[in-house]
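Structure below is final.csv: CSV, C-alpha atoms.
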chain,number,residue,atom,x,y,z
A,1,MET,CA,314.7,98.7,154.4
A,2,PRO,CA,313.4,95.7,156.3
A,3,ARG,CA,315.8,92.9,157.0
A,4,HIS,CA,313.5,90.2,155.4
A,5,PRO,CA,310.9,90.7,152.7
A,6,PRO,CA,307.6,91.5,154.4
A,7,ASN,CA,305.7,88.9,152.5
A,8,ARG,CA,307.9,86.0,153.7
A,9,ARG,CA,307.5,84.3,157.1
A,10,TRP,CA,310.8,83.6,158.8
A,11,LEU,CA,309.7,81.0,161.3
A,12,ALA,CA,311.2,77.6,161.8
A,13,VAL,CA,307.7,76.2,161.1
A,14,ASP,CA,305.0,77.9,159.2
A,15,ARG,CA,302.0,77.4,161.5
A,16,THR,CA,299.4,78.1,158.8
A,17,TYR,CA,299.8,74.5,157.6
A,18,GLY,CA,299.4,73.1,161.1
A,19,ASP,CA,302.2,71.4,162.9
A,20,THR,CA,302.5,69.0,165.7
A,21,HIS,CA,305.4,68.9,168.1
A,22,VAL,CA,306.6,65.4,168.6
A,23,ASN,CA,308.1,64.6,172.0
A,24,PRO,CA,308.2,60.9,172.9
A,25,SER,CA,307.9,60.2,176.6
A,26,THR,CA,310.9,57.9,176.3
A,27,LEU,CA,313.2,60.9,175.5
A,28,PHE,CA,314.4,63.7,177.8
A,29,SER,CA,312.0,66.6,177.8
A,30,ASN,CA,313.4,70.1,177.5
A,31,PRO,CA,311.1,73.1,177.5
A,32,ALA,CA,313.4,75.0,175.1
A,33,PHE,CA,312.8,72.7,172.1
A,34,SER,CA,310.8,69.9,170.6
A,35,GLN,CA,312.4,66.6,169.6
A,36,GLY,CA,310.6,66.8,166.3
A,37,VAL,CA,308.0,68.8,164.4
A,38,LEU,CA,305.5,67.2,162.1
A,39,VAL,CA,304.4,69.7,159.4
A,40,ARG,CA,301.1,68.7,157.7
A,41,GLY,CA,300.7,69.5,154.0
A,42,ALA,CA,300.4,67.7,150.7
A,43,HIS,CA,303.1,65.4,152.1
A,44,ASP,CA,303.5,65.4,155.8
A,45,THR,CA,307.1,66.1,156.7
A,46,LEU,CA,308.7,65.3,160.0
A,47,TYR,CA,311.8,67.3,161.1
A,48,VAL,CA,313.7,65.4,163.8
A,49,GLY,CA,315.8,67.8,165.8
A,50,GLY,CA,319.5,66.9,166.5
A,51,GLN,CA,319.6,63.9,168.7
A,52,ASN,CA,322.6,63.1,170.9
A,53,GLY,CA,323.4,59.8,172.5
A,54,THR,CA,321.3,60.5,175.6
A,55,ASP,CA,319.2,58.3,177.8
A,56,ALA,CA,315.7,59.2,179.1
A,57,SER,CA,317.2,61.3,181.9
A,58,GLY,CA,319.2,63.4,179.5
A,59,ALA,CA,322.6,61.8,180.4
A,60,ILE,CA,325.1,60.9,177.7
A,61,VAL,CA,325.4,57.2,177.5
A,62,GLU,CA,328.8,55.6,178.4
A,63,GLY,CA,330.9,53.8,175.9
A,64,GLY,CA,332.2,56.5,173.5
A,65,LEU,CA,331.3,57.2,169.9
A,66,ALA,CA,329.8,53.8,169.1
A,67,ALA,CA,327.4,53.8,172.1
A,68,GLU,CA,326.5,57.4,171.6
A,69,THR,CA,325.8,56.8,167.9
A,70,GLU,CA,323.6,53.8,168.6
A,71,GLN,CA,321.6,55.8,171.2
A,72,ALA,CA,321.3,58.9,169.1
A,73,LEU,CA,319.8,56.7,166.3
A,74,ARG,CA,317.5,55.0,168.8
A,75,ASN,CA,316.3,58.5,169.8
A,76,VAL,CA,315.7,59.4,166.1
A,77,LEU,CA,313.7,56.2,165.7
A,78,ALA,CA,311.7,57.0,168.8
A,79,VAL,CA,310.7,60.4,167.3
A,80,LEU,CA,309.9,58.7,164.0
A,81,ALA,CA,307.7,56.0,165.8
A,82,GLU,CA,305.8,58.6,167.7
A,83,ALA,CA,304.8,60.2,164.4
A,84,GLY,CA,303.9,56.8,162.9
A,85,ALA,CA,307.1,56.5,160.8
A,86,ASP,CA,310.4,54.6,160.7
A,87,GLN,CA,313.7,54.8,159.0
A,88,THR,CA,312.1,53.9,155.6
A,89,ASN,CA,310.4,57.3,155.7
A,90,VAL,CA,313.7,59.2,156.2
A,91,VAL,CA,314.8,61.1,153.1
A,92,ARG,CA,317.8,62.8,154.7
A,93,LEU,CA,320.1,62.4,157.7
A,94,ALA,CA,322.7,64.9,158.9
A,95,VAL,CA,325.4,63.5,161.2
A,96,TYR,CA,327.7,65.8,163.1
A,97,LEU,CA,330.8,64.2,164.6
A,98,VAL,CA,333.3,66.0,166.9
A,99,GLU,CA,336.7,66.3,165.2
A,100,GLY,CA,339.0,63.4,166.1
A,101,GLN,CA,336.1,60.8,166.1
A,102,SER,CA,336.2,57.9,163.6
A,103,VAL,CA,333.7,58.0,160.8
A,104,ASP,CA,334.2,54.3,160.3
A,105,GLU,CA,333.4,53.6,164.0
A,106,GLY,CA,330.2,55.7,163.8
A,107,TYR,CA,329.1,54.1,160.6
A,108,ALA,CA,329.6,50.6,162.0
A,109,ALA,CA,327.5,51.5,165.0
A,110,SER,CA,324.8,53.0,162.9
A,111,LEU,CA,324.4,49.8,161.0
A,112,ARG,CA,323.6,48.0,164.2
A,113,VAL,CA,320.6,50.2,164.9
A,114,TRP,CA,319.6,51.8,161.6
A,115,GLY,CA,320.2,48.7,159.5
A,116,PRO,CA,321.1,48.8,155.8
A,117,HIS,CA,318.4,51.4,154.9
A,118,ALA,CA,320.3,53.9,152.7
A,119,THR,CA,319.2,57.5,152.7
A,120,ALA,CA,320.7,60.8,151.6
A,121,LEU,CA,323.3,61.8,154.2
A,122,THR,CA,325.4,64.8,154.9
A,123,GLY,CA,328.3,64.3,157.4
A,124,PHE,CA,330.0,67.1,159.2
A,125,MET,CA,333.2,67.2,161.3
A,126,VAL,CA,332.8,69.9,163.9
A,127,SER,CA,335.0,71.3,166.7
A,128,SER,CA,332.3,70.8,169.3
A,129,LEU,CA,328.5,70.5,169.6
A,130,ALA,CA,326.0,72.6,171.6
A,131,ARG,CA,326.2,69.9,174.2
A,132,PRO,CA,330.0,69.9,174.9
A,133,ASP,CA,330.2,66.4,176.3
A,134,ALA,CA,328.5,64.8,173.2
A,135,LEU,CA,330.5,63.2,170.5
A,136,VAL,CA,327.7,62.9,167.8
A,137,GLU,CA,324.5,64.6,166.9
A,138,ILE,CA,322.0,63.2,164.3
A,139,GLU,CA,319.1,64.9,162.7
A,140,ALA,CA,316.6,63.6,160.2
A,141,VAL,CA,313.9,64.7,157.7
A,142,ALA,CA,311.2,62.1,156.9
A,143,VAL,CA,308.2,62.2,154.5
A,144,ILE,CA,305.2,60.4,155.9
Please lay out the structure from this file as C-alpha coordinates.
Amino acid sequence: MPRHPPNRRWLAVDRTYGDTHVNPSTLFSNPAFSQGVLVRGAHDTLYVGGQNGTDASGAIVEGGLAAETEQALRNVLAVLAEAGADQTNVVRLAVYLVEGQSVDEGYAASLRVWGPHATALTGFMVSSLARPDALVEIEAVAVI
(Lines of atoms letter the chains of each structure in order from A and count residues from 1; the text may use other names and numbers.)
(Lines give C-alpha, C1' and ligand atoms only; values in the text may rest on other atoms or scores of the structure.)
Protein backbone atom coordinates (compact mmCIF):
# COMPACT_ATOMS: atom_id res chain seq x y z
CA MET A 1 0.00 0.00 0.00
CA PRO A 2 1.46 3.41 -0.94
CA ARG A 3 2.38 5.72 1.89
CA HIS A 4 0.33 8.61 0.41
CA PRO A 5 -2.71 8.39 -1.86
CA PRO A 6 -1.46 8.39 -5.48
CA ASN A 7 -3.82 11.20 -6.53
CA ARG A 8 -2.48 13.67 -3.97
CA ARG A 9 0.71 15.68 -4.39
CA TRP A 10 2.88 15.92 -1.28
CA LEU A 11 5.03 18.86 -2.24
CA ALA A 12 5.58 21.96 -0.14
CA VAL A 13 4.29 23.98 -3.10
CA ASP A 14 2.08 22.66 -5.87
CA ARG A 15 3.91 23.92 -8.93
CA THR A 16 0.89 23.47 -11.23
CA TYR A 17 -0.46 26.82 -9.96
CA GLY A 18 2.82 28.60 -10.57
CA ASP A 19 4.93 29.82 -7.71
CA THR A 20 7.58 32.43 -7.29
CA HIS A 21 10.43 32.14 -4.84
CA VAL A 22 10.87 35.41 -2.97
CA ASN A 23 14.40 36.17 -1.82
CA PRO A 24 15.05 39.86 -1.10
CA SER A 25 18.65 40.91 -1.74
CA THR A 26 18.69 42.49 1.73
CA LEU A 27 18.41 39.08 3.40
CA PHE A 28 20.99 36.35 3.75
CA SER A 29 20.86 33.97 0.81
CA ASN A 30 20.92 30.24 1.49
CA PRO A 31 20.74 27.74 -1.38
CA ALA A 32 18.86 25.28 0.84
CA PHE A 33 15.67 27.34 1.10
CA SER A 34 13.71 30.37 -0.09
CA GLN A 35 12.79 33.20 2.26
CA GLY A 36 9.26 33.04 0.90
CA VAL A 37 7.13 31.41 -1.76
CA LEU A 38 4.34 33.22 -3.55
CA VAL A 39 1.67 30.83 -4.81
CA ARG A 40 -0.50 32.22 -7.58
CA GLY A 41 -4.17 31.29 -7.63
CA ALA A 42 -7.61 32.75 -7.10
CA HIS A 43 -5.98 34.61 -4.19
CA ASP A 44 -2.22 34.89 -4.28
CA THR A 45 -0.77 33.54 -1.05
CA LEU A 46 2.70 34.30 0.24
CA TYR A 47 4.29 31.87 2.68
CA VAL A 48 7.16 33.54 4.52
CA GLY A 49 9.62 31.02 5.85
CA GLY A 50 10.74 31.23 9.46
CA GLN A 51 12.82 34.36 9.98
CA ASN A 52 15.39 34.69 12.71
CA GLY A 53 16.89 37.93 13.93
CA THR A 54 19.69 37.88 11.37
CA ASP A 55 21.35 40.66 9.44
CA ALA A 56 22.16 40.56 5.72
CA SER A 57 25.32 38.52 6.39
CA GLY A 58 23.33 35.85 8.24
CA ALA A 59 24.69 36.78 11.67
CA ILE A 60 22.34 36.93 14.65
CA VAL A 61 21.97 40.55 15.77
CA GLU A 62 23.23 41.47 19.22
CA GLY A 63 20.92 42.63 22.00
CA GLY A 64 18.98 39.56 23.04
CA LEU A 65 15.34 38.75 22.47
CA ALA A 66 14.11 42.30 21.81
CA ALA A 67 16.72 42.99 19.14
CA GLU A 68 16.24 39.56 17.54
CA THR A 69 12.45 39.94 17.47
CA GLU A 70 12.68 43.37 15.86
CA GLN A 71 15.12 42.10 13.22
CA ALA A 72 13.11 38.93 12.54
CA LEU A 73 10.04 41.09 11.89
CA ARG A 74 12.06 43.44 9.66
CA ASN A 75 13.06 40.34 7.70
CA VAL A 76 9.40 39.25 7.42
CA LEU A 77 8.53 42.76 6.21
CA ALA A 78 11.34 42.61 3.62
CA VAL A 79 9.92 39.38 2.16
CA LEU A 80 6.43 40.88 2.16
CA ALA A 81 7.67 44.06 0.43
CA GLU A 82 9.51 42.04 -2.21
CA ALA A 83 6.15 40.44 -3.10
CA GLY A 84 4.31 43.78 -3.05
CA ALA A 85 2.70 43.32 0.35
CA ASP A 86 2.98 44.55 3.92
CA GLN A 87 1.76 43.52 7.36
CA THR A 88 -1.85 44.43 6.48
CA ASN A 89 -1.83 41.44 4.10
CA VAL A 90 -0.74 38.99 6.80
CA VAL A 91 -3.46 36.60 7.92
CA ARG A 92 -1.35 34.49 10.28
CA LEU A 93 1.90 34.72 12.20
CA ALA A 94 3.63 31.90 14.02
CA VAL A 95 6.18 32.92 16.64
CA TYR A 96 8.60 30.41 18.13
CA LEU A 97 10.39 31.49 21.31
CA VAL A 98 13.11 29.49 23.00
CA GLU A 99 12.04 28.39 26.49
CA GLY A 100 12.99 30.87 29.16
CA GLN A 101 12.43 33.91 26.92
CA SER A 102 9.87 36.52 27.91
CA VAL A 103 6.69 36.64 25.84
CA ASP A 104 6.09 40.18 27.15
CA GLU A 105 9.54 41.34 26.00
CA GLY A 106 9.02 39.79 22.57
CA TYR A 107 5.57 41.37 22.24
CA ALA A 108 6.83 44.83 23.21
CA ALA A 109 9.62 44.55 20.65
CA SER A 110 7.17 43.42 17.97
CA LEU A 111 5.03 46.53 18.45
CA ARG A 112 8.02 48.74 17.63
CA VAL A 113 8.38 47.15 14.18
CA TRP A 114 5.03 45.56 13.33
CA GLY A 115 2.85 48.28 14.82
CA PRO A 116 -0.65 47.70 16.18
CA HIS A 117 -1.79 45.59 13.20
CA ALA A 118 -3.50 42.58 14.76
CA THR A 119 -3.43 39.23 12.99
CA ALA A 120 -4.12 35.63 13.86
CA LEU A 121 -1.14 34.43 15.86
CA THR A 122 0.10 31.15 17.23
CA GLY A 123 2.91 31.21 19.76
CA PHE A 124 5.17 28.31 20.62
CA MET A 125 7.70 27.82 23.39
CA VAL A 126 10.38 25.44 22.13
CA SER A 127 13.49 23.93 23.65
CA SER A 128 15.60 25.14 20.71
CA LEU A 129 15.37 26.27 17.11
CA ALA A 130 17.06 24.84 14.02
CA ARG A 131 19.56 27.64 14.41
CA PRO A 132 20.76 26.97 17.97
CA ASP A 133 22.01 30.52 18.68
CA ALA A 134 18.63 32.09 17.79
CA LEU A 135 16.08 33.03 20.45
CA VAL A 136 13.08 33.64 18.14
CA GLU A 137 11.76 32.56 14.75
CA ILE A 138 8.76 34.13 13.02
CA GLU A 139 6.87 32.90 9.97
CA ALA A 140 3.91 34.46 8.19
CA VAL A 141 1.15 33.74 5.70
CA ALA A 142 -0.17 36.65 3.65
CA VAL A 143 -2.97 36.94 1.10
CA ILE A 144 -2.19 39.44 -1.62
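Surrounding residues of (332.9, 64.2, 158.1) at most 10 Å away are Val95, Tyr96, Leu97, Val98, Glu99, Gln101, Ser102, Val103, Thr122, Gly123, Phe124, Met125 and Val126 of chain A (based on only C-alpha atoms).
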Near-region 107-112 of chain A list (10 Å; only C-alpha atoms; drop same-chain fewer than 5 positions) as JSON, numbers by chain: {"A": [65, 66, 67, 68, 69, 70, 71, 72, 73, 74, 102, 117]}
Counting only C-alpha atoms, figure out which residue out of A:Asp133, A:Glu62, A:Glu82, A:Asp55 gets nearest to Val22 (chain A). A:Glu82
If you count only C-alpha atoms, which residues fall within 12 Å of Gly84 (chain A), apart from same-chain ones fewer than 5 positions away, as a ChimeraX atom specification? /A:22,24,38,44-46,77-79,89,142-144
Generate a file of the selected residues that holds C-alpha atoms, formatted as a short mmCIF file (atom, residue, chain, number, x, y, z; two decimals), in the frame of the given file.
data_model
loop_
_atom_site.label_atom_id
_atom_site.label_comp_id
_atom_site.auth_asym_id
_atom_site.auth_seq_id
_atom_site.Cartn_x
_atom_site.Cartn_y
_atom_site.Cartn_z
CA VAL A 22 306.60 65.40 168.60
CA PRO A 24 308.20 60.90 172.90
CA LEU A 38 305.50 67.20 162.10
CA ASP A 44 303.50 65.40 155.80
CA THR A 45 307.10 66.10 156.70
CA LEU A 46 308.70 65.30 160.00
CA LEU A 77 313.70 56.20 165.70
CA ALA A 78 311.70 57.00 168.80
CA VAL A 79 310.70 60.40 167.30
CA ASN A 89 310.40 57.30 155.70
CA ALA A 142 311.20 62.10 156.90
CA VAL A 143 308.20 62.20 154.50
CA ILE A 144 305.20 60.40 155.90
#
Find the distance between CA of Gly115 (chain A) and CA of Asn52 (chain A) and write it in Å to one decimal.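 One can read the CA of Gly115 (chain A) to CA of Asn52 (chain A) distance as 18.5 Å.
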When distances are computed from all atoms listed in the file, which of A:Leu80, A:Leu121, A:Thr54, A:Val48 shows the smallest separation from Ala140 (chain A)?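 Nearest to Ala140 (chain A): A:Val48.
The closest residue to Thr88 (chain A), picked from A:Ala120, A:Arg131, A:Ser57, A:Asp104 and counting all atoms listed in the file, is A:Ala120.
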For CA of Asp86 (chain A) and CA of Gly58 (chain A), determine how far apart the two atoms are, in Å to one decimal place.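 Pair CA of Asp86 (chain A) / CA of Gly58 (chain A) returns 22.5 Å.
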Correct to one decimal, the distance CA of Pro116 (chain A)-CA of Ala94 (chain A) is 16.5 Å
Compare A:Gln51, A:Thr119, A:Ser34, A:Asn75 by their minimum atom-to-atom distance to Val136 (chain A), counting only C-alpha atoms, and give me the closest one.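 The shortest atom-to-atom distance to Val136 (chain A) comes from A:Gln51.
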